[in-house]
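Everything below belongs to upload_27.cif, which stores mmCIF, C-alpha atoms.
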```cif
data_run
#
loop_
_atom_site.label_atom_id
_atom_site.label_comp_id
_atom_site.auth_asym_id
_atom_site.auth_seq_id
_atom_site.Cartn_x
_atom_site.Cartn_y
_atom_site.Cartn_z
CA MET Q 1 -12.92 30.73 8.38
CA LEU Q 2 -14.57 28.08 6.25
CA GLY Q 3 -11.91 28.69 3.61
CA ILE Q 4 -9.04 27.56 5.79
CA ILE Q 5 -10.95 24.47 7.00
CA MET Q 6 -11.70 23.51 3.40
CA ALA Q 7 -8.08 24.14 2.39
CA VAL Q 8 -6.81 21.79 5.12
CA ILE Q 9 -9.40 19.12 4.27
CA GLY Q 10 -8.52 19.37 0.57
CA ARG Q 11 -4.80 19.02 1.20
CA ASP Q 12 -5.16 16.14 3.69
CA LEU Q 13 -7.52 14.22 1.40
CA LYS Q 14 -5.14 14.65 -1.50
CA LEU Q 15 -2.27 13.36 0.66
CA ALA Q 16 -4.39 10.41 1.81
CA MET Q 17 -5.23 9.54 -1.80
CA ARG Q 18 -1.52 9.47 -2.67
CA ARG Q 19 -0.91 7.15 0.28
CA GLN Q 20 -3.85 4.81 0.07
CA ALA Q 21 -2.07 1.99 1.90
CA ASP Q 22 -2.84 3.75 5.21
CA ILE Q 23 -6.59 3.91 4.61
CA VAL Q 24 -6.79 0.39 3.25
CA SER Q 25 -4.78 -1.19 6.07
CA ALA Q 26 -6.97 0.33 8.81
CA LEU Q 27 -10.09 -0.78 6.94
CA PHE Q 28 -8.79 -4.33 6.47
CA PHE Q 29 -7.78 -4.46 10.13
CA PHE Q 30 -11.40 -3.65 11.00
CA ILE Q 31 -12.78 -6.26 8.59
CA ILE Q 32 -10.45 -9.01 9.78
CA VAL Q 33 -10.85 -8.39 13.52
CA VAL Q 34 -14.65 -8.37 13.19
CA SER Q 35 -14.64 -11.49 11.00
CA LEU Q 36 -12.49 -13.46 13.45
CA PHE Q 37 -15.22 -13.51 16.09
CA PRO Q 38 -17.88 -15.49 14.19
CA LEU Q 39 -15.16 -17.90 13.07
CA GLY Q 40 -13.89 -18.36 16.61
CA ILE Q 41 -17.26 -18.61 18.33
CA GLY Q 42 -18.94 -20.86 15.79
CA PRO Q 43 -22.47 -20.91 14.36
CA GLU Q 44 -24.49 -19.81 17.37
CA PRO Q 45 -26.74 -17.01 16.08
CA ASP Q 46 -28.13 -16.00 19.50
CA LEU Q 47 -24.70 -15.52 21.02
CA LEU Q 48 -23.38 -13.74 17.91
CA ARG Q 49 -26.32 -11.32 17.85
CA LYS Q 50 -25.57 -10.44 21.47
CA LEU Q 51 -21.86 -9.96 20.85
CA ALA Q 52 -22.14 -8.05 17.58
CA PRO Q 53 -22.48 -4.43 18.79
CA GLY Q 54 -19.59 -4.69 21.23
CA VAL Q 55 -17.29 -6.47 18.81
CA LEU Q 56 -17.95 -4.03 15.97
CA TRP Q 57 -17.45 -1.02 18.17
CA VAL Q 58 -14.27 -2.26 19.85
CA ALA Q 59 -12.84 -3.08 16.42
CA ALA Q 60 -13.84 0.41 15.21
CA LEU Q 61 -12.04 2.03 18.16
CA LEU Q 62 -8.88 0.02 17.50
CA ALA Q 63 -8.98 0.69 13.75
CA THR Q 64 -9.28 4.42 14.43
CA MET Q 65 -6.32 4.22 16.82
CA LEU Q 66 -4.13 2.80 14.03
CA SER Q 67 -4.09 6.02 12.00
CA LEU Q 68 -3.99 8.47 14.93
CA PRO Q 69 -0.21 8.61 15.55
CA ARG Q 70 0.30 10.00 12.05
CA LEU Q 71 -2.36 12.68 12.37
CA PHE Q 72 0.18 15.39 13.25
CA ALA Q 73 3.47 13.47 13.12
CA ASP Q 74 4.01 13.88 9.36
CA ASP Q 75 3.32 17.61 9.46
CA HIS Q 76 5.58 17.92 12.48
CA ARG Q 77 8.47 16.05 10.88
CA ASP Q 78 8.58 18.01 7.63
CA GLY Q 79 8.04 21.44 9.20
CA THR Q 80 4.54 22.04 7.82
CA LEU Q 81 3.10 22.22 11.32
CA GLU Q 82 5.30 25.23 12.15
CA GLN Q 83 4.03 26.99 9.05
CA LEU Q 84 0.42 26.20 10.01
CA ALA Q 85 1.01 27.54 13.51
CA LEU Q 86 2.40 30.80 12.10
CA ALA Q 87 -0.49 31.42 9.71
CA PRO Q 88 -2.81 34.31 10.59
CA HIS Q 89 -5.86 32.15 11.33
CA PRO Q 90 -6.27 30.28 14.64
CA LEU Q 91 -4.58 26.88 14.80
CA GLY Q 92 -7.85 25.42 16.14
CA LEU Q 93 -9.46 25.89 12.72
CA VAL Q 94 -6.59 24.07 11.05
CA VAL Q 95 -7.00 21.17 13.49
CA THR Q 96 -10.78 21.16 12.86
CA GLY Q 97 -9.98 20.63 9.19
CA LYS Q 98 -7.54 17.86 10.00
CA VAL Q 99 -10.07 16.12 12.27
CA ILE Q 100 -12.74 16.23 9.56
CA ALA Q 101 -10.28 14.89 6.98
CA HIS Q 102 -9.22 12.15 9.39
CA TRP Q 103 -12.85 11.11 9.85
CA LEU Q 104 -13.47 11.09 6.09
CA VAL Q 105 -10.63 8.64 5.50
CA SER Q 106 -10.89 6.54 8.69
CA GLY Q 107 -14.39 6.76 10.21
CA LEU Q 108 -16.54 6.99 7.10
CA PRO Q 109 -15.19 3.81 5.44
CA LEU Q 110 -15.85 1.88 8.70
CA ALA Q 111 -19.48 3.03 8.71
CA LEU Q 112 -19.89 2.04 5.05
CA ILE Q 113 -18.51 -1.48 5.53
CA ALA Q 114 -20.16 -2.11 8.94
CA PRO Q 115 -23.59 -3.30 7.64
CA VAL Q 116 -21.87 -5.92 5.47
CA LEU Q 117 -19.91 -7.18 8.47
CA GLY Q 118 -23.04 -7.08 10.63
CA VAL Q 119 -24.60 -9.75 8.43
CA GLN Q 120 -22.00 -12.22 9.73
CA PHE Q 121 -23.53 -11.75 13.17
CA ASP Q 122 -27.08 -12.44 11.96
CA LEU Q 123 -28.25 -8.91 12.82
CA SER Q 124 -31.73 -7.93 11.65
CA ALA Q 125 -32.19 -5.22 9.03
CA ASP Q 126 -33.30 -2.73 11.70
CA ALA Q 127 -30.23 -3.41 13.80
CA LEU Q 128 -27.97 -3.02 10.75
CA VAL Q 129 -29.44 0.39 9.99
CA VAL Q 130 -28.94 1.53 13.59
CA LEU Q 131 -25.42 0.06 13.64
CA THR Q 132 -24.46 2.02 10.54
CA ALA Q 133 -26.05 5.20 11.90
CA ALA Q 134 -24.29 4.76 15.24
CA ILE Q 135 -20.86 4.29 13.65
CA LEU Q 136 -21.53 7.20 11.29
CA ILE Q 137 -22.50 9.49 14.16
CA GLY Q 138 -19.97 8.24 16.70
CA THR Q 139 -16.73 8.02 14.72
CA PRO Q 140 -16.24 11.81 14.38
CA ALA Q 141 -16.03 11.88 18.18
CA LEU Q 142 -13.28 9.25 17.96
CA SER Q 143 -11.31 11.43 15.52
CA GLY Q 144 -11.83 14.51 17.70
CA ILE Q 145 -10.83 12.94 21.01
CA GLY Q 146 -7.99 11.12 19.26
CA ALA Q 147 -6.62 14.42 17.98
CA ILE Q 148 -6.08 15.61 21.56
CA GLY Q 149 -4.10 12.45 22.34
CA ALA Q 150 -2.13 12.68 19.10
CA ALA Q 151 -1.23 16.30 19.86
CA LEU Q 152 -0.22 15.55 23.46
CA THR Q 153 2.05 12.66 22.46
CA LEU Q 154 3.56 14.42 19.45
CA GLY Q 155 7.31 13.99 19.28
CA LEU Q 156 7.50 11.56 22.20
CA ARG Q 157 9.41 8.32 21.89
CA GLY Q 158 7.05 5.36 22.19
CA GLY Q 159 4.21 7.82 21.70
CA GLY Q 160 2.03 5.20 20.02
CA VAL Q 161 1.51 3.11 23.17
CA LEU Q 162 1.08 6.19 25.33
CA LEU Q 163 -1.48 7.46 22.85
CA SER Q 164 -3.56 4.28 23.25
CA LEU Q 165 -3.40 4.48 27.04
CA LEU Q 166 -4.45 8.10 26.91
CA VAL Q 167 -7.20 7.90 24.32
CA LEU Q 168 -8.88 4.49 24.77
CA PRO Q 169 -10.32 5.33 28.24
CA LEU Q 170 -11.76 8.52 26.77
CA TYR Q 171 -13.45 6.45 24.06
CA ILE Q 172 -15.52 4.53 26.65
CA PRO Q 173 -18.62 6.80 26.50
CA VAL Q 174 -18.70 6.51 22.71
CA LEU Q 175 -18.36 2.74 23.01
CA ILE Q 176 -21.17 2.47 25.58
CA PHE Q 177 -23.69 4.58 23.70
CA GLY Q 178 -22.64 3.27 20.29
CA ALA Q 179 -22.99 -0.39 21.25
CA GLY Q 180 -26.01 0.46 23.42
CA ALA Q 181 -27.91 1.85 20.43
CA VAL Q 182 -27.64 -1.45 18.57
CA ASP Q 183 -28.39 -3.47 21.72
CA ALA Q 184 -31.50 -1.45 22.41
CA THR Q 185 -32.71 -2.01 18.85
CA VAL Q 186 -32.11 -5.75 19.06
CA THR Q 187 -34.06 -5.99 22.32
CA GLY Q 188 -36.85 -3.83 20.89
CA LEU Q 189 -36.37 -0.75 23.08
CA GLY Q 190 -35.37 1.53 20.20
CA GLY Q 191 -31.96 3.14 19.83
CA GLU Q 192 -32.97 6.77 19.32
CA GLY Q 193 -31.99 7.85 22.83
CA HIS Q 194 -28.52 6.35 22.51
CA LEU Q 195 -28.05 7.87 19.08
CA SER Q 196 -28.98 11.32 20.41
CA LEU Q 197 -26.41 11.02 23.18
CA LEU Q 198 -23.85 9.83 20.64
CA ALA Q 199 -24.59 12.86 18.48
CA ALA Q 200 -24.16 15.10 21.51
CA LEU Q 201 -20.77 13.51 22.26
CA THR Q 202 -19.71 14.04 18.67
CA LEU Q 203 -20.80 17.67 18.59
CA ALA Q 204 -19.06 18.41 21.87
CA SER Q 205 -15.81 16.70 20.94
CA VAL Q 206 -15.57 18.00 17.36
CA GLY Q 207 -16.29 21.51 18.62
CA PHE Q 208 -13.98 21.44 21.62
CA ALA Q 209 -11.21 18.96 20.83
CA PRO Q 210 -9.51 20.96 18.02
CA TRP Q 211 -8.86 23.86 20.40
CA ALA Q 212 -7.47 21.60 23.10
CA SER Q 213 -5.30 19.90 20.45
CA ALA Q 214 -4.11 23.29 19.18
CA ALA Q 215 -3.00 24.24 22.70
CA ALA Q 216 -1.11 20.94 23.00
CA LEU Q 217 0.49 21.42 19.58
CA LYS Q 218 1.80 24.85 20.56
CA ILE Q 219 3.53 23.27 23.55
CA ALA Q 220 5.00 20.56 21.31
CA LEU Q 221 6.36 23.20 18.94
CA GLU Q 222 8.26 25.14 21.60
CA MET F 9 10.31 48.01 12.70
CA LEU F 10 11.25 44.92 14.66
CA GLU F 11 12.59 45.50 18.16
CA ALA F 12 14.06 43.03 20.60
CA ASP F 13 14.54 44.20 24.12
CA ASN F 14 16.76 42.46 26.68
CA LEU F 15 16.00 38.96 25.41
CA GLU F 16 17.10 36.00 27.47
CA CYS F 17 17.08 32.43 26.24
CA VAL F 18 17.39 29.36 28.46
CA ARG F 19 17.32 25.89 26.91
CA GLY F 20 17.35 23.04 29.40
CA GLU F 21 19.71 24.16 32.17
CA ARG F 22 21.89 26.31 29.96
CA ARG F 23 21.54 30.01 29.39
CA LEU F 24 22.29 30.62 25.71
CA PHE F 25 22.17 34.40 25.71
CA ALA F 26 20.90 37.26 27.86
CA GLY F 27 20.47 40.99 27.51
CA LEU F 28 20.12 40.75 23.73
CA THR F 29 18.80 44.01 22.27
CA PHE F 30 18.51 45.09 18.66
CA ARG F 31 16.38 47.20 16.35
CA LEU F 32 15.74 46.45 12.72
CA GLY F 33 14.13 48.99 10.39
CA ALA F 34 12.79 48.88 6.83
CA GLY F 35 15.30 47.71 4.25
CA GLU F 36 17.61 46.16 6.82
CA LEU F 37 18.91 42.64 7.08
CA LEU F 38 20.08 41.16 10.35
CA HIS F 39 22.71 38.52 9.80
CA LEU F 40 22.96 36.26 12.86
CA GLN F 41 26.26 34.57 13.40
CA GLY F 42 27.62 32.26 16.03
CA ARG F 43 28.86 28.76 16.71
CA ASN F 44 26.61 25.72 16.53
CA GLY F 45 24.44 25.71 19.62
CA SER F 46 24.88 29.40 20.35
CA GLY F 47 21.13 29.98 20.13
CA LYS F 48 20.64 31.26 16.57
CA THR F 49 17.67 29.05 15.80
CA SER F 50 16.24 29.65 19.30
CA LEU F 51 16.37 33.40 18.68
CA LEU F 52 14.59 32.96 15.34
CA ARG F 53 11.91 30.85 17.00
CA MET F 54 11.45 33.59 19.59
CA LEU F 55 11.05 36.17 16.85
CA ILE F 56 8.30 34.15 15.17
CA GLY F 57 6.56 33.60 18.50
CA LEU F 58 6.92 29.82 18.76
CA LEU F 59 9.31 30.02 21.71
CA PRO F 60 8.51 32.45 24.52
CA PRO F 61 11.63 34.25 25.79
CA GLU F 62 12.69 33.62 29.40
CA SER F 63 12.64 37.37 29.89
CA GLY F 64 12.57 40.42 27.65
CA GLU F 65 10.19 41.50 24.94
CA ILE F 66 9.85 41.47 21.18
CA ARG F 67 7.82 44.17 19.44
CA TRP F 68 6.67 44.51 15.86
CA GLN F 69 5.65 48.06 14.82
CA GLY F 70 5.62 48.98 18.49
CA GLU F 71 3.15 46.27 19.49
CA GLY F 72 3.38 42.78 20.93
CA ILE F 73 4.40 39.85 18.78
CA ARG F 74 0.79 38.67 18.32
CA THR F 75 0.30 41.30 15.61
CA LEU F 76 2.98 39.55 13.57
CA ALA F 77 0.72 36.82 12.20
CA GLY F 78 0.10 37.53 8.55
CA GLU F 79 3.14 39.81 8.19
CA LEU F 80 5.75 37.14 8.69
CA CYS F 81 7.31 34.62 6.36
CA TYR F 82 9.37 31.94 8.07
CA LEU F 83 11.66 29.53 6.32
CA GLY F 84 12.99 26.98 8.79
CA HIS F 85 15.70 24.41 8.34
CA LEU F 86 12.89 22.00 7.56
CA ASN F 87 11.50 22.53 4.08
CA ALA F 88 7.80 22.24 4.98
CA ILE F 89 7.04 20.50 1.70
CA LYS F 90 5.01 17.33 1.29
CA GLU F 91 6.83 14.45 -0.38
CA GLU F 92 3.65 13.09 -1.96
CA LEU F 93 2.69 16.37 -3.62
CA THR F 94 4.29 17.90 -6.70
CA PRO F 95 6.25 21.17 -6.41
CA LEU F 96 3.34 23.06 -7.94
CA GLU F 97 0.80 21.53 -5.53
CA ASN F 98 3.13 22.25 -2.63
CA LEU F 99 3.42 25.94 -3.52
CA LEU F 100 -0.32 26.37 -4.03
CA ALA F 101 -1.18 24.47 -0.83
CA ALA F 102 1.36 26.44 1.22
CA ALA F 103 -0.09 29.73 -0.04
CA ARG F 104 -3.68 28.68 0.65
CA LEU F 105 -2.86 27.47 4.15
CA ALA F 106 -1.03 30.72 4.88
CA GLY F 107 -4.13 32.63 3.77
CA GLU F 108 -2.37 34.13 0.72
CA GLU F 109 -3.56 34.43 -2.85
CA LEU F 110 -1.32 32.69 -5.38
CA SER F 111 -2.32 32.05 -8.97
CA GLU F 112 -1.13 28.95 -10.78
CA ASP F 113 0.77 31.10 -13.30
CA ASP F 114 2.68 32.88 -10.54
CA ALA F 115 3.50 29.55 -8.93
CA LEU F 116 4.77 28.12 -12.23
CA ASP F 117 6.83 31.24 -12.78
CA ALA F 118 8.36 30.90 -9.31
CA LEU F 119 9.28 27.28 -9.98
CA GLU F 120 10.89 28.27 -13.27
CA GLN F 121 12.97 30.90 -11.45
CA VAL F 122 14.33 28.32 -9.01
CA GLY F 123 15.24 26.05 -11.90
CA LEU F 124 12.50 23.47 -11.52
CA ALA F 125 10.87 24.01 -14.92
CA GLY F 126 9.76 20.65 -16.29
CA ARG F 127 9.54 19.11 -12.82
CA GLU F 128 6.35 20.82 -11.69
CA ASP F 129 4.39 17.60 -11.95
CA LEU F 130 6.88 15.23 -10.36
CA ALA F 131 6.18 14.18 -6.76
CA CYS F 132 8.70 15.84 -4.44
CA LYS F 133 9.94 12.50 -3.12
CA TYR F 134 11.75 12.03 -6.46
CA LEU F 135 13.63 15.32 -6.13
CA SER F 136 17.15 15.73 -4.74
CA GLN F 137 17.87 17.47 -1.45
CA GLY F 138 18.87 20.67 -3.19
CA GLN F 139 15.81 20.59 -5.42
CA LYS F 140 13.53 20.16 -2.41
CA ARG F 141 15.20 23.19 -0.84
CA ARG F 142 14.48 25.10 -4.06
CA VAL F 143 10.80 24.20 -3.83
CA ALA F 144 10.76 25.66 -0.32
CA LEU F 145 12.62 28.77 -1.52
CA ALA F 146 10.23 29.25 -4.44
CA ARG F 147 7.73 30.48 -1.82
CA LEU F 148 9.87 33.60 -1.43
CA VAL F 149 9.45 34.66 -5.07
CA ASN F 150 5.88 35.87 -4.66
CA GLU F 151 6.23 36.68 -0.99
CA LYS F 152 4.86 40.15 -0.17
CA ARG F 153 4.87 39.96 3.61
CA PRO F 154 7.30 42.48 5.13
CA LEU F 155 9.30 40.38 7.60
CA TRP F 156 11.32 37.37 6.45
CA ILE F 157 12.87 35.06 9.00
CA LEU F 158 15.27 32.68 7.25
CA ASP F 159 17.04 29.84 9.04
CA GLU F 160 20.09 28.72 7.04
CA PRO F 161 18.50 29.50 3.66
CA PHE F 162 21.68 28.77 1.70
CA VAL F 163 22.16 25.18 2.87
CA ALA F 164 22.23 22.54 0.09
CA LEU F 165 22.23 25.13 -2.71
CA ASP F 166 24.72 25.33 -5.57
CA THR F 167 26.54 28.62 -6.31
CA LEU F 168 24.05 29.70 -8.99
CA ALA F 169 21.15 29.25 -6.62
CA VAL F 170 23.01 31.08 -3.85
CA ASP F 171 23.40 34.12 -6.13
CA TRP F 172 19.74 33.92 -7.14
CA LEU F 173 18.60 33.79 -3.50
CA ALA F 174 20.87 36.72 -2.56
CA GLY F 175 19.17 38.66 -5.38
CA ILE F 176 15.69 37.76 -4.10
CA ILE F 177 16.60 38.91 -0.59
CA SER F 178 18.08 42.16 -2.00
CA ALA F 179 14.90 42.86 -3.94
CA HIS F 180 12.89 42.28 -0.76
CA LEU F 181 15.06 44.76 1.17
CA GLN F 182 14.77 47.31 -1.63
CA ARG F 183 10.98 47.10 -1.40
CA GLY F 184 11.39 48.15 2.23
CA GLY F 185 11.17 44.66 3.69
CA LEU F 186 13.03 43.36 6.71
CA ALA F 187 14.90 40.10 7.03
CA VAL F 188 16.61 38.15 9.76
CA MET F 189 18.76 35.24 8.68
CA THR F 190 21.36 32.84 9.92
CA THR F 191 24.08 31.44 7.71
CA HIS F 192 27.62 30.18 8.08
CA GLN F 193 28.51 31.04 4.52
CA ALA F 194 29.90 34.37 3.42
CA VAL F 195 27.12 35.73 1.24
CA ASN F 196 27.10 39.00 -0.58
CA ILE F 197 23.72 40.74 -0.42
CA PRO F 198 24.05 43.54 -2.99
CA ALA F 199 21.33 45.93 -1.74
CA GLY F 200 20.01 47.04 1.64
CA THR F 201 21.81 47.50 4.92
CA VAL F 202 23.33 44.36 6.37
CA ARG F 203 23.81 44.34 10.13
CA GLU F 204 25.64 41.62 11.91
CA LEU F 205 24.92 40.14 15.29
CA ARG F 206 27.17 37.56 16.87
CA LEU F 207 25.80 35.21 19.50
CA GLY F 208 27.76 33.28 22.10
#
```
Write the structure described by the file as structure tokens, please.
Amino acid sequence: MLGIIMAVIGRDLKLAMRRQADIVSALFFFIIVVSLFPLGIGPEPDLLRKLAPGVLWVAALLATMLSLPRLFADDHRDGTLEQLALAPHPLGLVVTGKVIAHWLVSGLPLALIAPVLGVQFDLSADALVVLTAAILIGTPALSGIGAIGAALTLGLRGGGVLLSLLVLPLYIPVLIFGAGAVDATVTGLGGEGHLSLLAALTLASVGFAPWASAAALKIALE
Amino acid sequence: MLEADNLECVRGERRLFAGLTFRLGAGELLHLQGRNGSGKTSLLRMLIGLLPPESGEIRWQGEGIRTLAGELCYLGHLNAIKEELTPLENLLAAARLAGEELSEDDALDALEQVGLAGREDLACKYLSQGQKRRVALARLVNEKRPLWILDEPFVALDTLAVDWLAGIISAHLQRGGLAVMTTHQAVNIPAGTVRELRLG
């Protein structure tokens, strides 16, 4: 069981490394969108501190969306997805591997760069730590939920827009608790409660989403 | 033994075939023929379980199609190879993802047999159409699973490669394997029993 997940992760990471433009462009999109806000709003530290959690999280959602359409599309186009569906192990395990690989190349880099970007918003050290933790804990949920949308829109014309309409509303809980964790830290309430809820969302979606995606993929393959 | 019982296929509003029944035993090859759009690929997709038949039943060793997983090798008209990976990486990854054991030496040997010696380390995007097809076919060299479903395996191959592939399929039949394939070309499979089925 673990073997097949590791095999999928290994293959997807190798493919991502050969096609680094995809990873880099989503990361730069995140950096640029976040950096535009302090430039547009001007040097008002109080306002920036208030805006920071929301801006960083919305940018993280959009950056994750960028790479979602290709999650299954490449495998679908070249026939690999059929082969994966025919293999003796459940397709849900394959999708679990793909979701983890997607997080490693899209969510993890966002979490690593987020504290640097947070400095532009004059966030305190405590808030930066919580921000990084929140993005680290919350982004796997984005990959998981996104996988369902990517599977449902596989092979559709104009699937990219439909994917955003389908997935972004489902991202709202992650956005609320993710931004809420940083907010609560800034106002001195402590973000542990929000982080726990975020972790629960992640566990639920990474555990459940691959199986829902697998069911959708089987329909797409018919 | 692969059995199809009274299969019916409906795509969109059109009924492609109905009442299709056949039995295929060890060492037999079923050669599907028919015009474009007569339902050859649809039938293959039913046999591998990706397309549920409108009515009728498919059995493998007397049981439902679910028991097929792990005993089936499918080669579609898509090559299922990754352009960014080298032929060697493609073979090894395909085997791992199918839950099969494949050593690097066996994989290199397979690539040599399909005439890709010296190109093992070249990304597949630099290969020609025929060479990509050969990478996909190299999977068959070390394939031990008993049922092969081949959709147009001879497309884009030169005459030498066609003869080689016919030999590989013969060897598979001689080992007691089964195969179902579609092709428009006249191909001579030297060993095993070839049965023909015309659709449409």
**OP:** With the file shown as input, list the residues that the PyMOL selection byres ((chain Q) within 8 of (chain F)) selects, as a list in words.
**Re:**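 Matching residues under the PyMOL selection byres ((chain Q) within 8 of (chain F)) are Ile4, Ala7, Val8, Arg11, Leu15, Arg18, Arg19, Asp75, Asp78, Gly79, Thr80, Leu81, Gln83, Leu84, Leu86, Ala87, Pro88, His89, Lys218, Leu221 and Glu222 of chain Q.
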Kindly export the residues of the current selection with C-alpha atoms, as a short mmCIF file (atom, residue, chain, number, x, y, z; two decimals), keeping the file's coordinate frame.
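Contents of the output file out-v3.cif:
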```cif
data_model
loop_
_atom_site.label_atom_id
_atom_site.label_comp_id
_atom_site.auth_asym_id
_atom_site.auth_seq_id
_atom_site.Cartn_x
_atom_site.Cartn_y
_atom_site.Cartn_z
CA ILE Q 4 -9.04 27.56 5.79
CA ALA Q 7 -8.08 24.14 2.39
CA VAL Q 8 -6.81 21.79 5.12
CA ARG Q 11 -4.80 19.02 1.20
CA LEU Q 15 -2.27 13.36 0.66
CA ARG Q 18 -1.52 9.47 -2.67
CA ARG Q 19 -0.91 7.15 0.28
CA ASP Q 75 3.32 17.61 9.46
CA ASP Q 78 8.58 18.01 7.63
CA GLY Q 79 8.04 21.44 9.20
CA THR Q 80 4.54 22.04 7.82
CA LEU Q 81 3.10 22.22 11.32
CA GLN Q 83 4.03 26.99 9.05
CA LEU Q 84 0.42 26.20 10.01
CA LEU Q 86 2.40 30.80 12.10
CA ALA Q 87 -0.49 31.42 9.71
CA PRO Q 88 -2.81 34.31 10.59
CA HIS Q 89 -5.86 32.15 11.33
CA LYS Q 218 1.80 24.85 20.56
CA LEU Q 221 6.36 23.20 18.94
CA GLU Q 222 8.26 25.14 21.60
#
```
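The space between CA of Trp156 in chain F and CA of Val188 in chain F spans 6.3 Å.
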Subject >> Å distance separating CA of Tyr171 in chain Q from CA of Ala184 in chain Q, one decimal place >> reply: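 Taking CA of Tyr171 in chain Q and CA of Ala184 in chain Q, their separation equals 19.8 Å.
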**OP:** Evaluate the PyMOL selection byres ((chain F and resi 164-173) around 8) here and jot the selected residues down as a ChimeraX atom specification.
**Re:** /F:122,137-138,141-142,162-163,174-177
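Distances here use only C-alpha atoms; by that measure, the residue among Q:Pro210, Q:Ala216, Q:Leu66, Q:Val33 closest to Lys98 in chain Q is Q:Pro210.
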Subject >> Among the residues Q:Val99, Q:Leu93, Q:Leu201, Q:Val55, the one that comes closest to Pro173 in chain Q [using only C-alpha atoms] >> reply: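 Checking each candidate against Pro173 in chain Q, we get Q:Leu201 as the closest.
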Subject >> Result set of the PyMOL selection byres ((chain F and resi 178-184) around 9) on the coordinates above, as a VMD selection string >> reply: chain F and resid 33 to 37 151 to 152 154 156 173 to 177 185 to 187 197 to 201
Would you write out those residues with C-alpha atoms, as a PDB file, in the frame of the given file?
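Dumped everything to part-v6.pdb:
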```
ATOM      1  CA  GLY F  33      14.130  48.990  10.390  1.00  0.00           C
ATOM      2  CA  ALA F  34      12.790  48.880   6.830  1.00  0.00           C
ATOM      3  CA  GLY F  35      15.300  47.710   4.250  1.00  0.00           C
ATOM      4  CA  GLU F  36      17.610  46.160   6.820  1.00  0.00           C
ATOM      5  CA  LEU F  37      18.910  42.640   7.080  1.00  0.00           C
ATOM      6  CA  GLU F 151       6.230  36.680  -0.990  1.00  0.00           C
ATOM      7  CA  LYS F 152       4.860  40.150  -0.170  1.00  0.00           C
ATOM      8  CA  PRO F 154       7.300  42.480   5.130  1.00  0.00           C
ATOM      9  CA  TRP F 156      11.320  37.370   6.450  1.00  0.00           C
ATOM     10  CA  LEU F 173      18.600  33.790  -3.500  1.00  0.00           C
ATOM     11  CA  ALA F 174      20.870  36.720  -2.560  1.00  0.00           C
ATOM     12  CA  GLY F 175      19.170  38.660  -5.380  1.00  0.00           C
ATOM     13  CA  ILE F 176      15.690  37.760  -4.100  1.00  0.00           C
ATOM     14  CA  ILE F 177      16.600  38.910  -0.590  1.00  0.00           C
ATOM     15  CA  GLY F 185      11.170  44.660   3.690  1.00  0.00           C
ATOM     16  CA  LEU F 186      13.030  43.360   6.710  1.00  0.00           C
ATOM     17  CA  ALA F 187      14.900  40.100   7.030  1.00  0.00           C
ATOM     18  CA  ILE F 197      23.720  40.740  -0.420  1.00  0.00           C
ATOM     19  CA  PRO F 198      24.050  43.540  -2.990  1.00  0.00           C
ATOM     20  CA  ALA F 199      21.330  45.930  -1.740  1.00  0.00           C
ATOM     21  CA  GLY F 200      20.010  47.040   1.640  1.00  0.00           C
ATOM     22  CA  THR F 201      21.810  47.500   4.920  1.00  0.00           C
TER      23      THR F 201
END
```
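Restricting the calculation to only C-alpha atoms, the smallest distance between Gly208 in chain F and any of F:Ser46, F:Thr29, F:Gln41, F:Thr190 is found for F:Ser46.
We find CA of Ala63 in chain Q and CA of Leu51 in chain Q to be spaced 18.2 Å apart.
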Subject >> Exercise: Gly64 in chain F partners within 7 Å, only C-alpha atoms, chain neighbours under 3 positions left out, as number ranges by chain >> reply: F: 13-16, 61
**OP:** Compare Q:Leu197, Q:Leu128, Q:Met1, Q:Met65 by their minimum atom-to-atom distance to Leu163 in chain Q, counting only C-alpha atoms, and give me the closest one.
**Re:**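 With only C-alpha atoms as the atom set, the closest residue is Q:Met65.
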**OP:** Show which residues sit within 8 Å of Ala181 in chain Q, as a ChimeraX atom specification. Count only C-alpha atoms, and ignore same-chain residues fewer than 4 positions away.
**Re:** /Q:130-131,134,177,185,190-195
Got a minute to add N, CA and C atoms to range 144-149 of chain F and dump it as a CSV table (one decimal), keeping the file's coordinate frame?
```
chain,number,residue,atom,x,y,z
F,144,ALA,N,11.1,24.9,-1.5
F,144,ALA,CA,10.8,25.7,-0.3
F,144,ALA,C,11.1,27.1,-0.6
F,145,LEU,N,12.2,27.4,-1.3
F,145,LEU,CA,12.6,28.8,-1.5
F,145,LEU,C,11.7,29.5,-2.5
F,146,ALA,N,11.1,28.7,-3.4
F,146,ALA,CA,10.2,29.2,-4.4
F,146,ALA,C,9.1,30.0,-3.8
F,147,ARG,N,8.8,29.7,-2.5
F,147,ARG,CA,7.7,30.5,-1.8
F,147,ARG,C,8.1,31.9,-1.7
F,148,LEU,N,9.4,32.2,-1.6
F,148,LEU,CA,9.9,33.6,-1.4
F,148,LEU,C,9.6,34.5,-2.7
F,149,VAL,N,9.5,33.9,-3.8
F,149,VAL,CA,9.4,34.7,-5.1
F,149,VAL,C,8.2,35.6,-5.1
```
